[in-house]
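data15.cif follows (mmCIF, C-alpha atoms):
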data_work
#
loop_
_atom_site.label_atom_id
_atom_site.label_comp_id
_atom_site.auth_asym_id
_atom_site.auth_seq_id
_atom_site.Cartn_x
_atom_site.Cartn_y
_atom_site.Cartn_z
CA ASP A 201 47.20 -96.46 -14.17
CA ARG A 202 47.20 -95.26 -17.79
CA PHE A 203 44.97 -95.68 -20.82
CA VAL A 204 47.06 -97.76 -23.23
CA LEU A 205 46.87 -97.13 -26.96
CA LEU A 206 48.35 -99.73 -29.28
CA TYR A 207 49.61 -99.38 -32.83
CA VAL A 208 50.60 -102.54 -34.69
CA GLY A 209 52.22 -102.12 -38.08
CA ARG A 210 55.23 -101.02 -40.01
CA LEU A 211 57.06 -97.90 -38.97
CA ALA A 212 57.06 -96.50 -42.50
CA ALA A 213 56.29 -93.04 -43.87
CA ALA A 214 52.93 -94.05 -45.35
CA LYS A 215 51.71 -95.16 -41.92
CA ARG A 216 51.98 -91.60 -40.54
CA VAL A 217 53.03 -92.77 -37.08
CA GLU A 218 54.41 -89.28 -36.43
CA ARG A 219 50.77 -88.14 -36.18
CA LEU A 220 50.20 -90.56 -33.30
CA ILE A 221 53.26 -89.11 -31.58
CA ALA A 222 52.01 -85.57 -32.25
CA ALA A 223 48.69 -86.48 -30.62
CA MET A 224 50.59 -87.82 -27.62
CA THR A 225 52.39 -84.47 -27.41
CA MET A 226 48.98 -82.76 -27.24
CA MET A 227 48.00 -85.11 -24.40
CA LYS A 228 51.27 -84.77 -22.50
CA GLY A 229 50.65 -85.11 -18.78
CA GLU A 230 47.38 -87.00 -19.28
CA PRO A 231 47.12 -90.64 -18.15
CA VAL A 232 47.69 -92.16 -21.58
CA MET A 233 50.46 -94.26 -23.13
CA LEU A 234 51.15 -95.28 -26.73
CA VAL A 235 52.82 -98.61 -27.47
CA LEU A 236 54.22 -99.01 -30.98
CA VAL A 237 54.60 -102.61 -32.15
CA GLY A 238 56.58 -103.04 -35.33
CA GLY A 239 59.73 -101.89 -37.00
CA GLY A 240 60.76 -100.22 -40.19
CA PRO A 241 62.66 -97.45 -41.90
CA GLU A 242 61.10 -94.64 -39.85
CA GLU A 243 61.98 -96.12 -36.45
CA GLY A 244 65.05 -93.94 -35.83
CA ARG A 245 63.28 -90.74 -36.83
CA LEU A 246 60.26 -91.59 -34.69
CA LYS A 247 62.42 -92.39 -31.66
CA ALA A 248 64.17 -89.03 -32.08
CA MET A 249 60.78 -87.31 -32.31
CA VAL A 250 59.66 -88.98 -29.07
CA ALA A 251 62.89 -88.02 -27.30
CA GLY A 252 62.72 -84.45 -28.58
CA ALA A 253 59.17 -84.07 -27.32
CA GLY A 254 60.04 -85.49 -23.92
CA LEU A 255 57.60 -88.37 -24.34
CA GLY A 256 59.90 -91.20 -23.26
CA ASP A 257 57.53 -92.28 -20.49
CA ALA A 258 54.41 -91.94 -22.67
CA VAL A 259 55.51 -93.64 -25.92
CA ARG A 260 57.09 -97.08 -25.94
CA PHE A 261 58.67 -98.89 -28.87
CA ALA A 262 58.08 -102.63 -28.52
CA GLY A 263 59.81 -103.58 -31.78
CA ARG A 264 58.72 -106.46 -33.93
CA VAL A 265 56.61 -109.04 -32.13
CA PRO A 266 56.03 -112.64 -33.35
CA ASP A 267 52.51 -113.21 -34.68
CA GLU A 268 51.73 -115.68 -31.89
CA GLU A 269 52.41 -112.93 -29.30
CA LEU A 270 50.21 -110.29 -30.92
CA PRO A 271 47.04 -111.41 -29.09
CA ASP A 272 48.84 -110.62 -25.81
CA CYS A 273 49.62 -107.12 -27.08
CA TYR A 274 46.00 -106.52 -28.03
CA ALA A 275 44.80 -107.91 -24.71
CA ALA A 276 47.10 -105.53 -22.80
CA CYS A 277 45.83 -102.37 -24.50
CA ASP A 278 42.70 -100.32 -24.01
CA ALA A 279 42.29 -99.32 -27.67
CA TRP A 280 44.01 -99.68 -31.03
CA VAL A 281 44.88 -96.59 -33.05
CA THR A 282 46.32 -95.62 -36.42
CA ALA A 283 46.94 -92.47 -38.43
CA SER A 284 47.71 -94.12 -41.77
CA ASP A 285 46.45 -92.50 -44.97
CA HIS A 286 47.25 -95.56 -47.05
CA GLU A 287 45.71 -98.89 -46.14
CA GLY A 288 44.08 -101.68 -48.00
CA PHE A 289 41.96 -103.70 -45.63
CA CYS A 290 44.03 -103.01 -42.47
CA VAL A 291 44.08 -106.38 -40.71
CA PRO A 292 45.11 -104.95 -37.29
CA VAL A 293 41.71 -103.21 -37.08
CA VAL A 294 40.00 -106.62 -37.16
CA GLU A 295 42.61 -108.21 -34.89
CA ALA A 296 42.03 -105.52 -32.25
CA MET A 297 38.25 -105.85 -32.50
CA ALA A 298 38.52 -109.65 -32.24
CA CYS A 299 40.19 -109.03 -28.87
CA GLY A 300 37.29 -106.81 -27.79
CA LYS A 301 39.14 -103.53 -28.22
CA PRO A 302 37.68 -100.31 -29.64
CA VAL A 303 39.61 -98.82 -32.56
CA ILE A 304 40.33 -95.23 -33.55
CA VAL A 305 40.92 -94.77 -37.28
CA PRO A 306 41.13 -91.91 -39.78
CA ASP A 307 38.25 -91.43 -42.20
CA VAL A 308 40.17 -92.78 -45.22
CA THR A 309 40.40 -95.98 -47.25
CA ALA A 310 38.42 -98.97 -45.94
CA MET A 311 39.18 -98.33 -42.27
CA PRO A 312 35.89 -96.61 -41.29
CA GLU A 313 33.88 -99.34 -42.98
CA THR A 314 36.00 -102.05 -41.40
CA ALA A 315 35.67 -100.54 -37.92
CA GLY A 316 31.95 -99.95 -38.36
CA ASP A 317 30.13 -99.38 -35.08
CA ALA A 318 33.08 -100.69 -33.03
CA GLY A 319 35.30 -97.70 -33.59
CA LEU A 320 35.70 -93.97 -33.68
CA THR A 321 36.91 -92.01 -36.68
CA TYR A 322 38.55 -88.65 -37.14
CA ALA A 323 39.47 -86.54 -40.17
CA SER A 324 42.74 -87.76 -41.60
CA GLY A 325 45.59 -85.50 -40.55
CA ASP A 326 43.55 -83.85 -37.79
CA ILE A 327 45.82 -84.37 -34.79
CA ALA A 328 43.47 -82.53 -32.42
CA GLY A 329 40.59 -84.69 -33.68
CA LEU A 330 42.63 -87.84 -33.02
CA ALA A 331 43.48 -86.66 -29.51
CA GLY A 332 39.82 -85.78 -28.98
CA GLN A 333 38.70 -89.30 -29.87
CA VAL A 334 41.27 -90.76 -27.47
CA ARG A 335 39.96 -88.47 -24.74
CA ALA A 336 36.38 -89.49 -25.55
CA LEU A 337 37.26 -93.13 -24.95
CA MET A 338 39.28 -92.35 -21.83
CA GLY A 339 36.63 -90.10 -20.34
CA ASP A 340 33.36 -91.88 -21.02
CA ALA A 341 32.99 -95.43 -19.75
CA LYS A 342 29.62 -95.80 -21.51
CA ILE A 343 31.12 -95.04 -24.92
CA TYR A 344 34.10 -97.26 -24.23
CA ASP A 345 32.00 -100.19 -23.01
CA ALA A 346 29.59 -99.93 -25.94
CA LEU A 347 32.41 -99.93 -28.50
CA ALA A 348 34.25 -102.76 -26.77
CA GLU A 349 31.10 -104.86 -26.65
CA ARG A 350 30.44 -104.31 -30.37
CA ALA A 351 34.07 -105.02 -31.30
CA THR A 352 34.02 -108.81 -31.09
CA ARG A 353 30.68 -108.98 -32.90
CA ARG A 354 32.02 -106.72 -35.64
CA ALA A 355 35.19 -108.82 -36.00
CA ARG A 356 33.07 -111.93 -36.58
CA ALA A 357 31.80 -110.33 -39.80
CA PHE A 358 35.31 -110.83 -41.19
CA ASP A 359 35.64 -114.51 -40.25
CA ILE A 360 37.32 -116.19 -43.20
CA ASN A 361 35.21 -119.35 -42.90
CA ALA A 362 31.92 -117.43 -42.99
CA GLY A 363 33.23 -115.38 -45.89
CA MET A 364 34.27 -118.48 -47.78
CA GLU A 365 30.81 -120.03 -47.34
CA LYS A 366 29.20 -116.90 -48.78
CA TYR A 367 31.66 -116.92 -51.67
CA ILE A 368 30.91 -120.57 -52.46
CA ASP A 369 27.16 -119.87 -52.30
CA LEU A 370 27.64 -116.98 -54.73
CA ILE A 371 29.63 -119.12 -57.17
CA LEU A 372 27.02 -121.87 -57.00
CA SER A 373 24.15 -119.44 -57.59
CA VAL A 374 25.90 -117.92 -60.63
CA THR A 375 26.63 -121.41 -61.98
CA GLU A 376 22.96 -122.41 -61.59
CA LEU A 377 21.86 -119.35 -63.57
CA LYS A 378 23.75 -120.53 -66.67
#
Have the structure of the file written as structure tokens, please.
Amino acid sequence: DRFVLLYVGRLAAAKRVERLIAAMTMMKGEPVMLVLVGGGPEEGRLKAMVAGAGLGDAVRFAGRVPDEELPDCYAACDAWVTASDHEGFCVPVVEAMACGKPVIVPDVTAMPETAGDAGLTYASGDIAGLAGQVRALMGDAKIYDALAERATRRARAFDINAGMEKYIDLILSVTELK
């Protein structure tokens, strides 16, 4: 009966999970839930933030989950979300898309390029913008369905076997030029 957002990652300061909780505070009373998968040094502070905001029924801490159970977590959500300002490639973006889930990412690092046409972006640090993108997905089935349909196709672009074949072709072409 609720739109389920999923975050998978460390609960560390650089991940800015408090922004996700702040967005949930803005959406308090709306049919949305945030599930946080992972653990880390910020867990206690984040739990206190959730309790202080009265979000106990809207934000759930799932703790660390074994890798083999992550596909079940992705399958159970409606969308994957992050507020991190510091990411390299951000593997969970691809994992979520591989499960056919739209993603909502800030407009920093490689995340917008990784998400491509299978996700929504917002200005980093813009809590209202983040909440707005969640509401856009919740409120418009056409947008949601289009992003979900593109997600698995987009994830295929990051298939390691296809990437390795391209890399080998590149090495061979450079070798032939010498």
*Between A:Asp257, A:Glu313, A:Glu242, A:Glu218, which one has atoms that come closest to A:Thr282, using all atoms listed in the file?*
A:Glu218
*Tell me which protein, DNA and RNA residues are within 9 Å of A:Phe289, counting all atoms listed in the file, leaving out same-chain ones fewer than 5 positions away, and put them as a list in words.*
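In the requested form, the answer reads Thr309, Ala310, Met311 and Thr314 of chain A.
Counting all atoms listed in the file and comparing A:Ala248, A:Ala318, A:Ala283, A:Leu337, the residue that lies closest to A:Leu220 is A:Ala283.
Of the listed residues A:Leu211, A:Ala296, A:Cys290, A:Ala348, the one whose atoms come nearest to A:Arg245 is A:Leu211, with distances taken using only C-alpha atoms.
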*Taking the file as shown, what set of residues would the PyMOL selection byres ((chain A and resi 229) around 12) give back, as a list in words?*
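Selected by the PyMOL selection byres ((chain A and resi 229) around 12) here: Arg202, Met224, Thr225, Met226, Met227, Lys228, Glu230, Pro231, Val232, Met233, Gly254, Leu255, Gly256, Asp257 and Ala258 of chain A.
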Where atoms are missing, can you supply N, CA, C and O atoms for stretch 226-237 of chain A and output the lot as a PDB file, in the frame of the given file?
ATOM      1  N   MET A 226      50.133 -83.569 -27.649  1.00  0.00           N
ATOM      2  CA  MET A 226      48.980 -82.760 -27.240  1.00  0.00           C
ATOM      3  C   MET A 226      48.398 -83.252 -25.918  1.00  0.00           C
ATOM      4  O   MET A 226      47.770 -82.478 -25.200  1.00  0.00           O
ATOM      5  N   MET A 227      48.572 -84.530 -25.618  1.00  0.00           N
ATOM      6  CA  MET A 227      48.000 -85.110 -24.400  1.00  0.00           C
ATOM      7  C   MET A 227      49.043 -85.288 -23.301  1.00  0.00           C
ATOM      8  O   MET A 227      48.806 -85.985 -22.320  1.00  0.00           O
ATOM      9  N   LYS A 228      50.188 -84.647 -23.473  1.00  0.00           N
ATOM     10  CA  LYS A 228      51.270 -84.770 -22.500  1.00  0.00           C
ATOM     11  C   LYS A 228      50.767 -84.441 -21.101  1.00  0.00           C
ATOM     12  O   LYS A 228      50.065 -83.464 -20.891  1.00  0.00           O
ATOM     13  N   GLY A 229      51.102 -85.300 -20.158  1.00  0.00           N
ATOM     14  CA  GLY A 229      50.650 -85.110 -18.780  1.00  0.00           C
ATOM     15  C   GLY A 229      49.342 -85.805 -18.467  1.00  0.00           C
ATOM     16  O   GLY A 229      48.958 -85.916 -17.307  1.00  0.00           O
ATOM     17  N   GLU A 230      48.628 -86.270 -19.492  1.00  0.00           N
ATOM     18  CA  GLU A 230      47.380 -87.000 -19.280  1.00  0.00           C
ATOM     19  C   GLU A 230      47.712 -88.483 -19.076  1.00  0.00           C
ATOM     20  O   GLU A 230      48.763 -88.953 -19.506  1.00  0.00           O
ATOM     21  N   PRO A 231      46.822 -89.226 -18.446  1.00  0.00           N
ATOM     22  CA  PRO A 231      47.120 -90.640 -18.150  1.00  0.00           C
ATOM     23  C   PRO A 231      46.926 -91.556 -19.360  1.00  0.00           C
ATOM     24  O   PRO A 231      46.018 -92.384 -19.412  1.00  0.00           O
ATOM     25  N   VAL A 232      47.776 -91.372 -20.360  1.00  0.00           N
ATOM     26  CA  VAL A 232      47.690 -92.160 -21.580  1.00  0.00           C
ATOM     27  C   VAL A 232      49.089 -92.553 -22.025  1.00  0.00           C
ATOM     28  O   VAL A 232      50.050 -91.819 -21.815  1.00  0.00           O
ATOM     29  N   MET A 233      49.186 -93.738 -22.619  1.00  0.00           N
ATOM     30  CA  MET A 233      50.460 -94.260 -23.130  1.00  0.00           C
ATOM     31  C   MET A 233      50.218 -94.863 -24.504  1.00  0.00           C
ATOM     32  O   MET A 233      49.173 -95.458 -24.753  1.00  0.00           O
ATOM     33  N   LEU A 234      51.189 -94.700 -25.388  1.00  0.00           N
ATOM     34  CA  LEU A 234      51.150 -95.280 -26.730  1.00  0.00           C
ATOM     35  C   LEU A 234      52.244 -96.336 -26.833  1.00  0.00           C
ATOM     36  O   LEU A 234      53.411 -96.048 -26.552  1.00  0.00           O
ATOM     37  N   VAL A 235      51.862 -97.538 -27.243  1.00  0.00           N
ATOM     38  CA  VAL A 235      52.820 -98.610 -27.470  1.00  0.00           C
ATOM     39  C   VAL A 235      52.837 -98.883 -28.971  1.00  0.00           C
ATOM     40  O   VAL A 235      51.795 -99.153 -29.583  1.00  0.00           O
ATOM     41  N   LEU A 236      54.033 -98.793 -29.554  1.00  0.00           N
ATOM     42  CA  LEU A 236      54.220 -99.010 -30.980  1.00  0.00           C
ATOM     43  C   LEU A 236      54.850-100.380 -31.210  1.00  0.00           C
ATOM     44  O   LEU A 236      55.986-100.615 -30.799  1.00  0.00           O
ATOM     45  N   VAL A 237      54.105-101.277 -31.842  1.00  0.00           N
ATOM     46  CA  VAL A 237      54.600-102.610 -32.150  1.00  0.00           C
ATOM     47  C   VAL A 237      54.912-102.661 -33.639  1.00  0.00           C
ATOM     48  O   VAL A 237      54.034-102.413 -34.463  1.00  0.00           O
TER      49      VAL A 237
END
